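See below for start_12.pdb, which holds PDB, C-alpha atoms, pLDDT in the B column.
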ATOM      1  CA  MET A 264     -10.970 -10.204  -5.251  1.00 77.00           C
ATOM      2  CA  PRO A 265     -10.051  -7.741  -2.498  1.00 88.00           C
ATOM      3  CA  LYS A 266      -6.885  -8.330  -0.541  1.00 95.00           C
ATOM      4  CA  LEU A 267      -7.735  -7.759   3.120  1.00 96.00           C
ATOM      5  CA  CYS A 268      -4.286  -8.286   4.586  1.00 98.00           C
ATOM      6  CA  THR A 269      -0.736  -9.490   3.950  1.00 98.00           C
ATOM      7  CA  PHE A 270       1.652 -10.789   6.601  1.00 98.00           C
ATOM      8  CA  LEU A 271       4.674 -13.085   6.606  1.00 97.00           C
ATOM      9  CA  GLY A 272       4.212 -13.801   2.902  1.00 97.00           C
ATOM     10  CA  ILE A 273       0.549 -14.790   3.389  1.00 98.00           C
ATOM     11  CA  SER A 274      -2.161 -12.871   1.527  1.00 98.00           C
ATOM     12  CA  ILE A 275      -5.765 -12.931   2.752  1.00 98.00           C
ATOM     13  CA  TYR A 276      -8.554 -12.463   0.194  1.00 96.00           C
ATOM     14  CA  MET A 277     -12.339 -12.465  -0.020  1.00 93.00           C
ATOM     15  CA  TYR A 278     -14.245 -12.677  -3.265  1.00 83.00           C
ATOM     16  CA  PHE A 279     -17.153 -10.332  -4.040  1.00 70.00           C
ATOM     17  CA  LYS A 280     -19.678 -12.958  -5.125  1.00 74.00           C
ATOM     18  CA  GLU A 281     -18.919 -15.896  -2.844  1.00 74.00           C
ATOM     19  CA  HIS A 282     -21.256 -18.529  -1.500  1.00 82.00           C
ATOM     20  CA  ASN A 283     -22.085 -19.185   2.126  1.00 89.00           C
ATOM     21  CA  PRO A 284     -20.810 -20.083   4.660  1.00 93.00           C
ATOM     22  CA  PRO A 285     -18.669 -16.987   5.264  1.00 94.00           C
ATOM     23  CA  HIS A 286     -15.051 -17.779   4.453  1.00 95.00           C
ATOM     24  CA  PHE A 287     -11.786 -16.326   3.186  1.00 97.00           C
ATOM     25  CA  HIS A 288      -8.830 -17.490   1.135  1.00 97.00           C
ATOM     26  CA  ALA A 289      -5.206 -17.512   2.259  1.00 98.00           C
ATOM     27  CA  LEU A 290      -2.554 -17.612  -0.459  1.00 98.00           C
ATOM     28  CA  TYR A 291       1.006 -18.575   0.334  1.00 98.00           C
ATOM     29  CA  ASN A 292       3.813 -19.501  -2.025  1.00 97.00           C
ATOM     30  CA  GLY A 293       1.427 -20.498  -4.833  1.00 95.00           C
ATOM     31  CA  SER A 294      -0.909 -22.527  -2.598  1.00 97.00           C
ATOM     32  CA  ASP A 295      -4.476 -21.572  -1.665  1.00 96.00           C
ATOM     33  CA  GLY A 296      -6.336 -22.456   1.505  1.00 98.00           C
ATOM     34  CA  ILE A 297      -9.965 -21.822   2.421  1.00 97.00           C
ATOM     35  CA  PHE A 298     -10.980 -21.000   5.988  1.00 98.00           C
ATOM     36  CA  PHE A 299     -14.513 -20.823   7.364  1.00 97.00           C
ATOM     37  CA  ILE A 300     -14.980 -17.834   9.662  1.00 97.00           C
ATOM     38  CA  ASP A 301     -17.640 -19.045  12.104  1.00 94.00           C
ATOM     39  CA  PRO A 302     -16.785 -21.543  13.346  1.00 95.00           C
ATOM     40  CA  LEU A 303     -13.194 -20.785  12.451  1.00 97.00           C
ATOM     41  CA  LYS A 304     -11.556 -23.732  10.719  1.00 97.00           C
ATOM     42  CA  TYR A 305      -9.301 -24.656   7.827  1.00 98.00           C
ATOM     43  CA  THR A 306     -11.529 -26.430   5.375  1.00 97.00           C
ATOM     44  CA  LYS A 307      -9.656 -26.958   2.126  1.00 96.00           C
ATOM     45  CA  GLY A 308      -6.288 -26.454   0.491  1.00 97.00           C
ATOM     46  CA  GLU A 309      -2.658 -27.434   0.510  1.00 95.00           C
ATOM     47  CA  LEU A 310      -1.052 -24.942   2.867  1.00 98.00           C
ATOM     48  CA  PRO A 311       1.823 -26.045   5.106  1.00 97.00           C
ATOM     49  CA  PRO A 312       0.735 -26.711   8.727  1.00 97.00           C
ATOM     50  CA  ARG A 313       2.834 -23.798  10.027  1.00 97.00           C
ATOM     51  CA  ILE A 314       1.015 -21.396   7.673  1.00 98.00           C
ATOM     52  CA  VAL A 315      -2.389 -22.810   8.636  1.00 98.00           C
ATOM     53  CA  GLY A 316      -1.502 -22.146  12.287  1.00 98.00           C
ATOM     54  CA  LEU A 317      -0.484 -18.553  11.569  1.00 98.00           C
ATOM     55  CA  VAL A 318      -3.669 -17.890   9.598  1.00 98.00           C
ATOM     56  CA  ILE A 319      -5.820 -19.388  12.377  1.00 98.00           C
ATOM     57  CA  GLU A 320      -4.003 -17.229  14.949  1.00 98.00           C
ATOM     58  CA  TRP A 321      -4.560 -14.099  12.831  1.00 98.00           C
ATOM     59  CA  ALA A 322      -8.203 -14.949  12.068  1.00 98.00           C
ATOM     60  CA  THR A 323      -8.966 -15.605  15.740  1.00 98.00           C
ATOM     61  CA  ILE A 324      -7.841 -12.073  16.559  1.00 97.00           C
ATOM     62  CA  HIS A 325      -9.782 -10.531  13.650  1.00 98.00           C
ATOM     63  CA  LYS A 326     -12.868 -12.754  13.476  1.00 97.00           C
ATOM     64  CA  ASN A 327     -15.345  -9.880  13.878  1.00 97.00           C
ATOM     65  CA  GLU A 328     -13.594  -7.819  11.199  1.00 97.00           C
ATOM     66  CA  LEU A 329     -13.680 -10.801   8.841  1.00 97.00           C
ATOM     67  CA  LEU A 330     -17.426 -11.229   9.379  1.00 95.00           C
ATOM     68  CA  ASP A 331     -17.967  -7.492   8.900  1.00 94.00           C
ATOM     69  CA  ASN A 332     -16.040  -7.596   5.630  1.00 94.00           C
ATOM     70  CA  TRP A 333     -18.052 -10.615   4.459  1.00 93.00           C
ATOM     71  CA  ASN A 334     -21.259  -8.623   5.032  1.00 90.00           C
ATOM     72  CA  TYR A 335     -19.854  -5.418   3.507  1.00 88.00           C
ATOM     73  CA  LEU A 336     -18.838  -7.253   0.352  1.00 87.00           C
ATOM     74  CA  LYS A 337     -22.245  -8.913   0.051  1.00 81.00           C
ATOM     75  CA  GLU A 338     -24.092  -5.609   0.467  1.00 79.00           C
ATOM     76  CA  ASN A 339     -22.107  -2.980  -1.383  1.00 76.00           C
ATOM     77  CA  LYS A 340     -18.699  -4.337  -2.356  1.00 72.00           C
ATOM     78  CA  LYS A 341     -16.842  -2.123   0.096  1.00 81.00           C
ATOM     79  CA  TYR A 342     -14.405  -3.557   2.582  1.00 89.00           C
ATOM     80  CA  LYS A 343     -11.861  -2.546   5.188  1.00 93.00           C
ATOM     81  CA  LYS A 344      -8.256  -3.649   5.385  1.00 96.00           C
ATOM     82  CA  ILE A 345      -7.330  -5.716   8.439  1.00 97.00           C
ATOM     83  CA  LYS A 346      -4.125  -5.352  10.431  1.00 97.00           C
ATOM     84  CA  PRO A 347      -1.472  -8.033   9.942  1.00 97.00           C
ATOM     85  CA  LEU A 348      -0.227 -10.510  12.485  1.00 92.00           C
ATOM     86  CA  VAL A 349       2.714  -8.986  14.353  1.00 83.00           C
TER      87      VAL A 349
END
Take the structure I supplied and represent it as structure tokens, if you would.
Amino acid sequence: MPKLCTFLGISIYMYFKEHNPPHFHALYNGSDGIFFIDPLKYTKGELPPRIVGLVIEWATIHKNELLDNWNYLKENKKYKKIKPLV
């Protein structure tokens, strides 16, 4: 499970052998949330609303990179780190 980014105590992951639709996981303080990439939305989990907002803000900025990583991981298991929210 590659870690794509960490910011403000939030870790963003994608799994190698995941199912469609394209999505990523955000882990924060022992809680996991799942976010669809396109359209971008929080779909499942128990993250605090403030953390969901930060992840949505970050993912909006990096949507294309997230989709690229989804495709890279499906094809050859290589990925690129993504810059954190600043």
Target residues per the PyMOL selection byres ((chain A and resi 308-321) around 12), formatted as an NGL selection string: :A and (268-276 or 287-307 or 322-329 or 345-349)
Atomic distance atom CA of A:Pro265 - atom CA of A:Met277, expressed in Å with one decimal: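 One can read the atom CA of A:Pro265 to atom CA of A:Met277 distance as 5.8 Å.
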Ground truth for the PyMOL selection byres ((chain A and resi 278) around 12), written as a PDB file with C-alpha atoms, in the coordinates of the input:
ATOM      1  CA  MET A 264     -10.970 -10.204  -5.251  1.00 77.00           C
ATOM      2  CA  PRO A 265     -10.051  -7.741  -2.498  1.00 88.00           C
ATOM      3  CA  LYS A 266      -6.885  -8.330  -0.541  1.00 95.00           C
ATOM      4  CA  LEU A 267      -7.735  -7.759   3.120  1.00 96.00           C
ATOM      5  CA  ILE A 275      -5.765 -12.931   2.752  1.00 98.00           C
ATOM      6  CA  TYR A 276      -8.554 -12.463   0.194  1.00 96.00           C
ATOM      7  CA  MET A 277     -12.339 -12.465  -0.020  1.00 93.00           C
ATOM      8  CA  PHE A 279     -17.153 -10.332  -4.040  1.00 70.00           C
ATOM      9  CA  LYS A 280     -19.678 -12.958  -5.125  1.00 74.00           C
ATOM     10  CA  GLU A 281     -18.919 -15.896  -2.844  1.00 74.00           C
ATOM     11  CA  HIS A 282     -21.256 -18.529  -1.500  1.00 82.00           C
ATOM     12  CA  ASN A 283     -22.085 -19.185   2.126  1.00 89.00           C
ATOM     13  CA  PRO A 285     -18.669 -16.987   5.264  1.00 94.00           C
ATOM     14  CA  HIS A 286     -15.051 -17.779   4.453  1.00 95.00           C
ATOM     15  CA  PHE A 287     -11.786 -16.326   3.186  1.00 97.00           C
ATOM     16  CA  HIS A 288      -8.830 -17.490   1.135  1.00 97.00           C
ATOM     17  CA  ALA A 289      -5.206 -17.512   2.259  1.00 98.00           C
ATOM     18  CA  ILE A 297      -9.965 -21.822   2.421  1.00 97.00           C
ATOM     19  CA  ASN A 332     -16.040  -7.596   5.630  1.00 94.00           C
ATOM     20  CA  TRP A 333     -18.052 -10.615   4.459  1.00 93.00           C
ATOM     21  CA  ASN A 334     -21.259  -8.623   5.032  1.00 90.00           C
ATOM     22  CA  TYR A 335     -19.854  -5.418   3.507  1.00 88.00           C
ATOM     23  CA  LEU A 336     -18.838  -7.253   0.352  1.00 87.00           C
ATOM     24  CA  LYS A 337     -22.245  -8.913   0.051  1.00 81.00           C
ATOM     25  CA  LYS A 340     -18.699  -4.337  -2.356  1.00 72.00           C
ATOM     26  CA  LYS A 341     -16.842  -2.123   0.096  1.00 81.00           C
ATOM     27  CA  TYR A 342     -14.405  -3.557   2.582  1.00 89.00           C
TER      28      TYR A 342
END
Report as lines of an AutoDock Vina configuration file the centre and the edge lengths, in Å to one decimal, of the axis-aligned box holding every listed atom of stretch 269-281 of chain A, padded by 3 Å on each side.
center_x = -7.5
center_y = -12.7
center_z = 0.7
size_x = 30.4
size_y = 12.4
size_z = 17.7
